[in-house]
>>> print(open('entry_0.txt').read())   # compact mmCIF, C-alpha atoms
# COMPACT_ATOMS: atom_id res chain seq x y z
CA MET A 1 -2.80 -42.69 -2.77
CA THR A 2 -6.29 -41.27 -2.17
CA SER A 3 -6.34 -38.82 -5.06
CA ILE A 4 -8.03 -39.68 -8.33
CA ALA A 5 -6.04 -39.07 -11.46
CA VAL A 6 -8.11 -38.49 -14.60
CA GLY A 7 -6.11 -39.49 -17.65
CA ARG A 8 -2.99 -38.59 -15.61
CA ARG A 9 -3.84 -34.94 -16.21
CA ILE A 10 -5.88 -33.87 -13.17
CA ASP A 11 -5.58 -34.73 -9.50
CA ARG A 12 -9.09 -33.95 -8.31
CA GLU A 13 -8.16 -33.90 -4.65
CA ALA A 14 -5.36 -31.38 -5.22
CA LEU A 15 -7.63 -29.36 -7.53
CA SER A 16 -10.31 -29.02 -4.85
CA GLN A 17 -7.69 -28.28 -2.19
CA GLY A 18 -6.37 -25.40 -4.28
CA ALA A 19 -9.90 -24.16 -4.90
CA GLY A 20 -10.67 -24.37 -1.18
CA VAL A 21 -7.67 -22.31 -0.09
CA ALA A 22 -8.39 -19.74 -2.82
CA LEU A 23 -12.03 -19.50 -1.70
CA SER A 24 -11.04 -18.79 1.89
CA LEU A 25 -8.68 -16.09 0.65
CA ALA A 26 -11.40 -14.70 -1.64
CA LEU A 27 -13.62 -14.26 1.42
CA GLY A 28 -11.06 -11.81 2.76
CA TYR A 29 -11.05 -9.93 -0.52
CA VAL A 30 -14.85 -9.42 -0.55
CA PRO A 31 -14.80 -5.88 0.92
CA PHE A 32 -11.95 -4.71 -1.34
CA ALA A 33 -13.42 -6.27 -4.48
CA LEU A 34 -16.90 -4.83 -3.85
CA ALA A 35 -15.43 -1.41 -3.03
CA LEU A 36 -13.27 -1.52 -6.16
CA GLY A 37 -16.30 -2.42 -8.27
CA ALA A 38 -18.27 0.46 -6.71
CA THR A 39 -15.32 2.77 -7.55
CA PHE A 40 -15.46 1.60 -11.17
CA ALA A 41 -19.13 2.58 -11.27
CA ALA A 42 -18.43 5.98 -9.70
CA THR A 43 -15.80 7.14 -12.23
CA ASP A 44 -16.39 8.81 -15.58
CA LEU A 45 -15.11 5.68 -17.31
CA ASP A 46 -17.59 3.30 -18.89
CA PRO A 47 -18.24 0.87 -15.97
CA LEU A 48 -17.98 -2.10 -18.33
CA VAL A 49 -14.55 -0.91 -19.53
CA ALA A 50 -13.34 -0.29 -15.95
CA TRP A 51 -14.60 -3.74 -14.87
CA SER A 52 -12.79 -5.31 -17.85
CA SER A 53 -9.56 -4.59 -15.98
CA SER A 54 -10.53 -7.49 -13.68
CA TRP A 55 -9.84 -10.00 -16.44
CA LEU A 56 -7.41 -7.95 -18.51
CA VAL A 57 -5.05 -7.01 -15.65
CA PHE A 58 -6.27 -9.26 -12.79
CA ALA A 59 -4.33 -7.33 -10.11
CA GLY A 60 -6.45 -5.28 -7.71
CA ALA A 61 -4.04 -2.51 -6.70
CA ALA A 62 -2.94 -1.87 -10.28
CA GLN A 63 -6.57 -1.85 -11.43
CA ALA A 64 -7.47 0.74 -8.79
CA THR A 65 -4.50 2.88 -9.84
CA ALA A 66 -5.20 2.56 -13.56
CA VAL A 67 -8.86 3.48 -13.27
CA SER A 68 -8.29 6.40 -10.91
CA LEU A 69 -5.48 7.80 -13.11
CA LEU A 70 -7.57 7.43 -16.27
CA ASP A 71 -10.48 9.09 -14.49
CA ALA A 72 -8.18 11.98 -13.52
CA GLY A 73 -7.15 12.40 -17.17
CA ALA A 74 -3.54 11.17 -16.83
CA ALA A 75 -1.56 10.43 -20.00
CA PRO A 76 -1.74 6.78 -21.12
CA THR A 77 2.05 6.40 -20.81
CA VAL A 78 1.95 7.55 -17.17
CA VAL A 79 -0.92 5.16 -16.40
CA VAL A 80 0.80 2.19 -18.03
CA LEU A 81 4.20 2.85 -16.43
CA SER A 82 2.72 3.43 -12.94
CA CYS A 83 0.87 0.14 -13.07
CA LEU A 84 3.81 -1.84 -14.43
CA VAL A 85 6.11 -0.51 -11.70
CA MET A 86 3.51 -1.63 -9.15
CA ASN A 87 3.35 -5.06 -10.75
CA ALA A 88 7.14 -5.49 -11.08
CA ARG A 89 7.04 -7.84 -8.09
CA HIS A 90 5.27 -10.40 -10.29
CA LEU A 91 8.58 -10.95 -12.07
CA LEU A 92 9.96 -12.38 -8.82
CA TYR A 93 6.90 -14.60 -8.37
CA GLY A 94 7.65 -16.27 -11.68
CA ALA A 95 11.32 -16.77 -10.77
CA SER A 96 10.36 -18.18 -7.37
CA LEU A 97 7.86 -20.74 -8.69
CA ARG A 98 9.86 -21.70 -11.79
CA PRO A 99 11.89 -24.51 -10.14
CA HIS A 100 8.69 -26.11 -8.80
CA MET A 101 7.10 -25.97 -12.25
CA ASP A 102 10.07 -27.54 -14.01
CA PRO A 103 8.20 -30.73 -14.98
CA TRP A 104 5.33 -28.74 -16.50
CA SER A 105 5.26 -28.08 -20.24
CA ARG A 106 6.16 -24.57 -21.39
CA ARG A 107 2.57 -24.10 -22.62
CA THR A 108 1.17 -25.02 -19.20
CA ARG A 109 3.54 -22.59 -17.48
CA ALA A 110 2.49 -19.89 -19.98
CA ALA A 111 -1.18 -20.52 -19.11
CA GLY A 112 -0.37 -20.55 -15.41
CA ALA A 113 1.35 -17.17 -15.65
CA TYR A 114 -2.00 -15.47 -16.26
CA PHE A 115 -3.18 -16.48 -12.77
CA LEU A 116 0.00 -15.44 -10.95
CA THR A 117 -1.48 -12.79 -8.65
CA ASP A 118 -0.33 -12.02 -5.08
CA ALA A 119 -2.90 -14.41 -3.66
CA VAL A 120 -2.24 -17.28 -6.07
CA TYR A 121 1.52 -16.89 -5.63
CA ALA A 122 1.11 -17.00 -1.85
CA ILE A 123 -1.06 -20.11 -2.00
CA ALA A 124 1.23 -21.90 -4.48
CA ALA A 125 4.49 -20.95 -2.72
CA ALA A 126 3.19 -22.22 0.61
CA ARG A 127 2.00 -25.51 -0.92
CA PHE A 128 5.09 -26.12 -3.06
CA GLU A 129 7.49 -25.39 -0.18
CA GLU A 130 5.59 -27.74 2.12
CA GLY A 131 5.54 -30.62 -0.32
CA PRO A 132 8.38 -30.26 -2.81
CA GLY A 133 8.36 -33.95 -3.51
CA ALA A 134 4.73 -34.11 -4.61
CA GLU A 135 3.88 -35.26 -8.11
CA ALA A 136 3.88 -32.66 -10.86
CA ILE A 137 0.22 -33.48 -11.61
CA SER A 138 -0.71 -32.77 -8.01
CA HIS A 139 1.10 -29.40 -7.99
CA ARG A 140 -0.35 -28.43 -11.33
CA SER A 141 -3.90 -29.36 -10.34
CA PHE A 142 -3.55 -27.49 -7.05
CA TYR A 143 -2.21 -24.40 -8.84
CA PHE A 144 -4.94 -24.28 -11.47
CA GLY A 145 -7.63 -25.05 -8.88
CA ALA A 146 -6.46 -22.04 -6.88
CA GLY A 147 -5.92 -19.83 -9.94
CA LEU A 148 -9.28 -20.48 -11.57
CA THR A 149 -11.14 -20.05 -8.28
CA ALA A 150 -9.32 -16.79 -7.53
CA TRP A 151 -10.06 -15.53 -11.04
CA VAL A 152 -13.77 -16.40 -11.02
CA SER A 153 -14.16 -14.92 -7.52
CA TRP A 154 -12.37 -11.71 -8.44
CA VAL A 155 -14.22 -11.13 -11.72
CA ALA A 156 -17.59 -11.93 -10.09
CA LEU A 157 -17.01 -9.85 -6.94
CA THR A 158 -15.80 -6.73 -8.78
CA GLY A 159 -18.74 -7.18 -11.17
CA ALA A 160 -21.08 -7.34 -8.18
CA GLY A 161 -19.47 -4.16 -6.85
CA VAL A 162 -20.17 -2.37 -10.16
CA THR A 163 -23.77 -3.60 -10.22
CA LEU A 164 -24.59 -2.93 -6.58
CA ALA A 165 -22.41 0.21 -6.27
CA ASP A 166 -23.70 2.33 -3.37
CA SER A 167 -26.13 -0.28 -2.07
CA VAL A 168 -23.31 -2.61 -0.93
CA PRO A 169 -24.02 -3.14 2.79
CA ALA A 170 -21.18 -3.01 5.33
CA VAL A 171 -22.67 -5.80 7.44
CA LEU A 172 -19.54 -7.58 8.64
CA ARG A 173 -16.01 -6.27 8.55
CA LEU A 174 -13.81 -8.81 6.84
CA ASP A 175 -10.89 -6.49 5.98
CA LEU A 176 -8.44 -8.47 8.10
CA ALA A 177 -9.36 -11.92 6.79
CA ALA A 178 -6.97 -11.64 3.82
CA PRO A 179 -3.93 -10.42 5.85
CA LEU A 180 -4.54 -13.16 8.45
CA THR A 181 -4.73 -15.73 5.68
CA PHE A 182 -1.38 -14.50 4.37
CA VAL A 183 0.01 -14.88 7.91
CA LEU A 184 -1.25 -18.47 7.98
CA LEU A 185 0.40 -19.15 4.63
CA LEU A 186 3.62 -17.56 5.90
CA LEU A 187 3.95 -19.41 9.23
CA PRO A 188 4.85 -22.85 7.77
CA LEU A 189 7.62 -21.22 5.69
CA LEU A 190 9.42 -19.83 8.75
CA SER A 191 11.46 -22.97 9.33
CA THR A 192 14.90 -21.36 9.02
CA ARG A 193 16.54 -18.38 10.67
CA ALA A 194 17.07 -16.72 7.28
CA ALA A 195 13.37 -17.10 6.40
CA LYS A 196 12.41 -15.47 9.71
CA VAL A 197 14.85 -12.61 9.11
CA SER A 198 13.40 -12.16 5.60
CA ALA A 199 9.85 -12.00 6.92
CA VAL A 200 10.68 -9.55 9.73
CA ALA A 201 12.66 -7.27 7.38
CA ALA A 202 9.92 -7.30 4.73
CA GLY A 203 7.10 -6.70 7.22
CA SER A 204 8.99 -3.92 9.05
CA THR A 205 9.85 -2.14 5.82
CA VAL A 206 6.22 -2.18 4.69
CA ALA A 207 5.08 -0.94 8.13
CA VAL A 208 7.63 1.89 8.16
CA GLY A 209 6.80 2.85 4.57
CA ALA A 210 3.04 2.57 5.09
CA THR A 211 2.40 5.96 3.53
CA LEU A 212 4.26 5.13 0.32
CA PRO A 213 2.11 4.35 -2.73
CA MET A 214 0.76 0.79 -2.39
CA GLY A 215 2.93 -0.95 -4.97
CA ILE A 216 6.14 0.88 -4.06
CA GLY A 217 5.93 0.04 -0.34
CA LEU A 218 5.29 -3.59 -1.17
CA LEU A 219 8.17 -3.74 -3.63
CA ALA A 220 10.53 -2.11 -1.09
CA GLY A 221 9.43 -4.61 1.57
CA ILE A 222 10.03 -7.60 -0.70
CA ALA A 223 13.45 -6.25 -1.74
CA ALA A 224 14.42 -5.66 1.91
CA GLY A 225 13.26 -9.14 2.90
CA VAL A 226 15.15 -10.90 0.11
CA ALA A 227 18.31 -8.85 0.82
CA ALA A 228 18.13 -9.51 4.58
CA GLY A 229 17.57 -13.24 4.04
CA SER A 230 20.47 -13.43 1.59
CA LEU A 231 22.80 -11.66 4.04
CA THR A 232 21.79 -14.06 6.81
CA GLY A 233 22.64 -16.74 4.37
CA ASP A 234 21.43 -20.03 5.82
CA THR A 235 18.59 -21.84 4.13
CA THR A 236 18.69 -24.95 6.25
CA MET B 1 -5.71 5.77 -27.01
CA SER B 2 -9.00 4.50 -25.58
CA ASP B 3 -9.38 3.54 -21.91
CA LEU B 4 -9.90 -0.08 -22.89
CA ALA B 5 -6.69 -0.06 -24.96
CA VAL B 6 -4.71 1.36 -21.99
CA LEU B 7 -6.08 -1.37 -19.73
CA ALA B 8 -5.22 -3.98 -22.38
CA VAL B 9 -1.62 -2.72 -22.56
CA ILE B 10 -1.34 -2.87 -18.75
CA GLY B 11 -2.76 -6.39 -18.87
CA ALA B 12 -0.26 -7.45 -21.54
CA GLY B 13 2.63 -5.89 -19.60
CA THR B 14 1.53 -7.56 -16.38
CA TYR B 15 1.30 -10.92 -18.15
CA LEU B 16 4.80 -10.38 -19.53
CA LEU B 17 6.13 -9.70 -16.01
CA ARG B 18 4.41 -12.81 -14.68
CA SER B 19 5.52 -15.09 -17.49
CA LEU B 20 9.02 -13.87 -18.35
CA LEU B 21 10.95 -15.97 -15.82
CA LEU B 22 8.25 -18.63 -15.55
CA ILE B 23 8.45 -19.81 -19.15
CA ARG B 24 12.15 -19.36 -19.85
CA THR B 25 13.92 -22.63 -20.53
CA ALA B 26 17.44 -21.53 -19.59
CA ALA B 27 18.46 -21.88 -15.95
CA LEU B 28 18.19 -18.75 -13.85
CA PRO B 29 21.45 -16.95 -12.96
CA GLY B 30 23.11 -18.36 -9.83
CA ALA B 31 22.85 -15.09 -7.90
CA LEU B 32 19.09 -15.01 -8.48
CA GLN B 33 18.68 -18.70 -7.63
CA ARG B 34 20.40 -18.22 -4.27
CA ARG B 35 17.92 -15.49 -3.38
CA LEU B 36 14.75 -17.34 -4.43
CA PRO B 37 14.18 -19.14 -1.09
CA PHE B 38 13.65 -15.72 0.50
CA VAL B 39 11.08 -14.48 -2.00
CA GLY B 40 8.19 -16.48 -0.50
CA PRO B 41 8.61 -15.37 3.14
CA SER B 42 9.30 -11.78 2.05
CA VAL B 43 6.26 -11.52 -0.23
CA LEU B 44 3.87 -13.09 2.28
CA ALA B 45 5.16 -10.96 5.17
CA ALA B 46 5.03 -7.78 3.06
CA ILE B 47 1.46 -8.38 1.86
CA ALA B 48 0.30 -9.38 5.35
CA ALA B 49 1.99 -6.33 6.93
CA GLN B 50 0.38 -4.03 4.39
CA GLY B 51 -3.08 -5.31 5.29
CA ILE B 52 -2.36 -5.28 9.02
CA VAL B 53 -1.04 -1.70 9.07
CA ALA B 54 -3.94 -0.46 6.97
CA ALA B 55 -6.63 -2.52 8.72
CA GLY B 56 -9.76 -0.41 9.11
CA GLY B 57 -9.24 1.52 5.90
CA GLY B 58 -6.31 3.77 6.80
CA VAL B 59 -3.09 3.96 8.78
CA GLU B 60 -4.43 4.40 12.33
CA VAL B 61 -2.70 3.31 15.53
CA GLU B 62 -5.79 1.81 17.22
CA ALA B 63 -6.91 -0.14 14.15
CA SER B 64 -3.37 -1.41 13.61
CA ALA B 65 -3.03 -2.38 17.30
CA ALA B 66 -6.22 -4.44 17.11
CA ALA B 67 -4.92 -6.09 13.96
CA VAL B 68 -1.57 -6.92 15.60
CA LEU B 69 -3.45 -8.56 18.51
CA ALA B 70 -5.42 -10.59 15.97
CA VAL B 71 -2.20 -11.72 14.26
CA ALA B 72 -0.74 -12.79 17.62
CA ALA B 73 -3.91 -14.77 18.39
CA THR B 74 -3.91 -16.38 14.95
CA ALA B 75 -0.25 -17.42 15.30
CA ALA B 76 -0.80 -18.71 18.85
CA VAL B 77 -3.74 -20.88 17.79
CA TRP B 78 -1.82 -22.06 14.70
CA THR B 79 1.07 -23.35 16.85
CA ARG B 80 -1.42 -25.66 18.60
CA ARG B 81 -3.70 -26.50 15.66
CA LYS B 82 -1.89 -26.40 12.36
CA THR B 83 -5.06 -26.01 10.34
CA PHE B 84 -6.40 -23.06 8.38
CA GLY B 85 -9.93 -22.41 9.60
CA VAL B 86 -9.71 -22.39 13.41
CA PRO B 87 -6.76 -19.93 13.67
CA LEU B 88 -8.43 -17.65 11.10
CA VAL B 89 -11.75 -17.60 12.96
CA ALA B 90 -9.94 -17.03 16.28
CA GLY B 91 -7.95 -14.14 14.82
CA MET B 92 -11.03 -12.51 13.31
CA ALA B 93 -12.94 -12.85 16.59
CA ILE B 94 -10.08 -11.23 18.54
CA TRP B 95 -9.92 -8.45 15.95
CA TRP B 96 -13.64 -7.63 16.17
CA VAL B 97 -13.52 -7.58 19.99
CA ALA B 98 -10.24 -5.61 20.22
CA ALA B 99 -11.36 -3.08 17.61
CA ALA B 100 -14.67 -2.56 19.46
CA VAL B 101 -12.95 -2.16 22.85
CA LEU B 102 -10.23 0.18 21.55
CA SER B 103 -12.70 2.36 19.63
CA SER B 104 -15.04 2.63 22.66
CA ARG B 105 -12.12 3.89 24.81
CA SER B 106 -11.23 6.68 22.39
>>> encode(input="entry_0.txt", output="structure tokens")
Amino acid sequence: MTSIAVGRRIDREALSQGAGVALSLALGYVPFALALGATFAATDLDPLVAWSSSWLVFAGAAQATAVSLLDAGAAPTVVVLSCLVMNARHLLYGASLRPHMDPWSRRTRAAGAYFLTDAVYAIAAARFEEGPGAEAISHRSFYFGAGLTAWVSWVALTGAGVTLADSVPAVLRLDLAAPLTFVLLLLPLLSTRAAKVSAVAAGSTVAVGATLPMGIGLLAGIAAGVAAGSLTGDTT
Amino acid sequence: MSDLAVLAVIGAGTYLLRSLLLIRTAALPGALQRRLPFVGPSVLAAIAAQGIVAAGGGVEVEASAAAVLAVAATAAVWTRRKTFGVPLVAGMAIWWVAAAVLSSRS
């Protein structure tokens, strides 16, 4: 075993692997995070309050929705409900990762839940599916390496967007880096016919419903994918 | 209710959604367990599709076509080299070239 366990609590190799994957994904989020930060600065909200959503909510699409609705003067109940409907998919993320986190303590899973964004779920699901037999310490270190890196990147990048606002240069278009990274995380999971059917159904639904509000289209796509995979029925 | 308080409530609600099934000790219902293997592929495909369709900032046929070409290139390179970096760089390069060519023709 090449990894170094520190007090049987951290696998440094897995930790840095998680951080590395999260960093490459963060690169793809640079344009969105900077633009979101610039939007925070452009609203009538206190920029510091708007930016606080990066660590309070830690979910880009919901943050964008919350800040724009608050800026438009929407009622707090409407803002809260809209964002929670958008984030309803996170409930499935927890259910999906739960079996892989079985050996973790409840407190560790509770801490891990804070980092369970789209990106961190994608990274963790791909890793856990590829190596289900890995040690719990390795999985845990990988997860927290990815989660902490994603969090620091997100908070820093949206903060940079607020600070730089209109002076953010559009030097290199990186918009597609994040979707391509998600494709690369998806490909190893397509080992069964049912998984392929799931992916095609989810992707097609999102493409057809491209004009739906961001969270709703995503939720519909995930629901369609899970339903199609279940109907196909084979997981081997 | 202050803006910060609204954001805090959304944060608390989001955390609850993320943690609810993650920290429960009881086993998940059988029907849900049988569907879990399809959550990963569905989520990844849905998020990727969303970014691909909206590549370039909006839903535009040319931008989406360039993005689809980039996905095909990324997948083709991945089948030969199952790493992360090379397929990603290849896909991005194809995207930049395809987007430039398609936009110059319009």
>>> atom_distance(input="entry_0.txt", atom1="CA of Ala8 in chain B", atom2="CA of Leu157 in chain A")
20.3 Å
>>> atom_distance(input="entry_0.txt", atom1="CA of Ala14 in chain A", atom2="CA of Leu16 in chain B")
27.4 Å
>>> closest_atom_pairs(input="entry_0.txt", of="chain B", to="chain A", cutoff="6 Å", atoms="all atoms listed in the file", output="CSV")
residue,atom,partner,partner_atom,distance
B:Leu4,CA,A:Val49,CA,5.8
B:Ala8,CA,A:Leu56,CA,6.0
B:Ile10,CA,A:Val80,CA,5.5
B:Gly11,CA,A:Val57,CA,4.0
B:Tyr15,CA,A:Tyr114,CA,5.9
B:Leu17,CA,A:Leu91,CA,4.8
B:Arg18,CA,A:His90,CA,5.1
B:Ser19,CA,A:Ala113,CA,5.0
B:Leu21,CA,A:Ala95,CA,5.1
B:Leu22,CA,A:Gly94,CA,4.6
B:Ile23,CA,A:Arg106,CA,5.7
B:Arg35,CA,A:Ser230,CA,6.0
B:Leu36,CA,A:Ser96,CA,5.3
B:Phe38,CA,A:Val226,CA,5.1
B:Val39,CA,A:Val226,CA,5.8
B:Pro41,CA,A:Ala199,CA,5.2
B:Ser42,CA,A:Gly225,CA,4.8
B:Val43,CA,A:Ile222,CA,5.5
B:Leu44,CA,A:Leu186,CA,5.8
B:Ala45,CA,A:Gly203,CA,5.1
B:Ala46,CA,A:Gly203,CA,4.8
B:Ala48,CA,A:Pro179,CA,4.4
B:Ala49,CA,A:Gly203,CA,5.1
B:Gly51,CA,A:Pro179,CA,5.2
>>> write_last_selection(input="entry_0.txt", atoms="C-alpha atoms", output="compact mmCIF listing (two decimals), keeping the file's coordinate frame")
# COMPACT_ATOMS: atom_id res chain seq x y z
CA LEU B 4 -9.90 -0.08 -22.89
CA ALA B 8 -5.22 -3.98 -22.38
CA ILE B 10 -1.34 -2.87 -18.75
CA GLY B 11 -2.76 -6.39 -18.87
CA TYR B 15 1.30 -10.92 -18.15
CA LEU B 17 6.13 -9.70 -16.01
CA ARG B 18 4.41 -12.81 -14.68
CA SER B 19 5.52 -15.09 -17.49
CA LEU B 21 10.95 -15.97 -15.82
CA LEU B 22 8.25 -18.63 -15.55
CA ILE B 23 8.45 -19.81 -19.15
CA ARG B 35 17.92 -15.49 -3.38
CA LEU B 36 14.75 -17.34 -4.43
CA PHE B 38 13.65 -15.72 0.50
CA VAL B 39 11.08 -14.48 -2.00
CA PRO B 41 8.61 -15.37 3.14
CA SER B 42 9.30 -11.78 2.05
CA VAL B 43 6.26 -11.52 -0.23
CA LEU B 44 3.87 -13.09 2.28
CA ALA B 45 5.16 -10.96 5.17
CA ALA B 46 5.03 -7.78 3.06
CA ALA B 48 0.30 -9.38 5.35
CA ALA B 49 1.99 -6.33 6.93
CA GLY B 51 -3.08 -5.31 5.29
>>> atom_distance(input="entry_0.txt", atom1="CA of Ala26 in chain B", atom2="CA of Thr192 in chain A")
28.7 Å
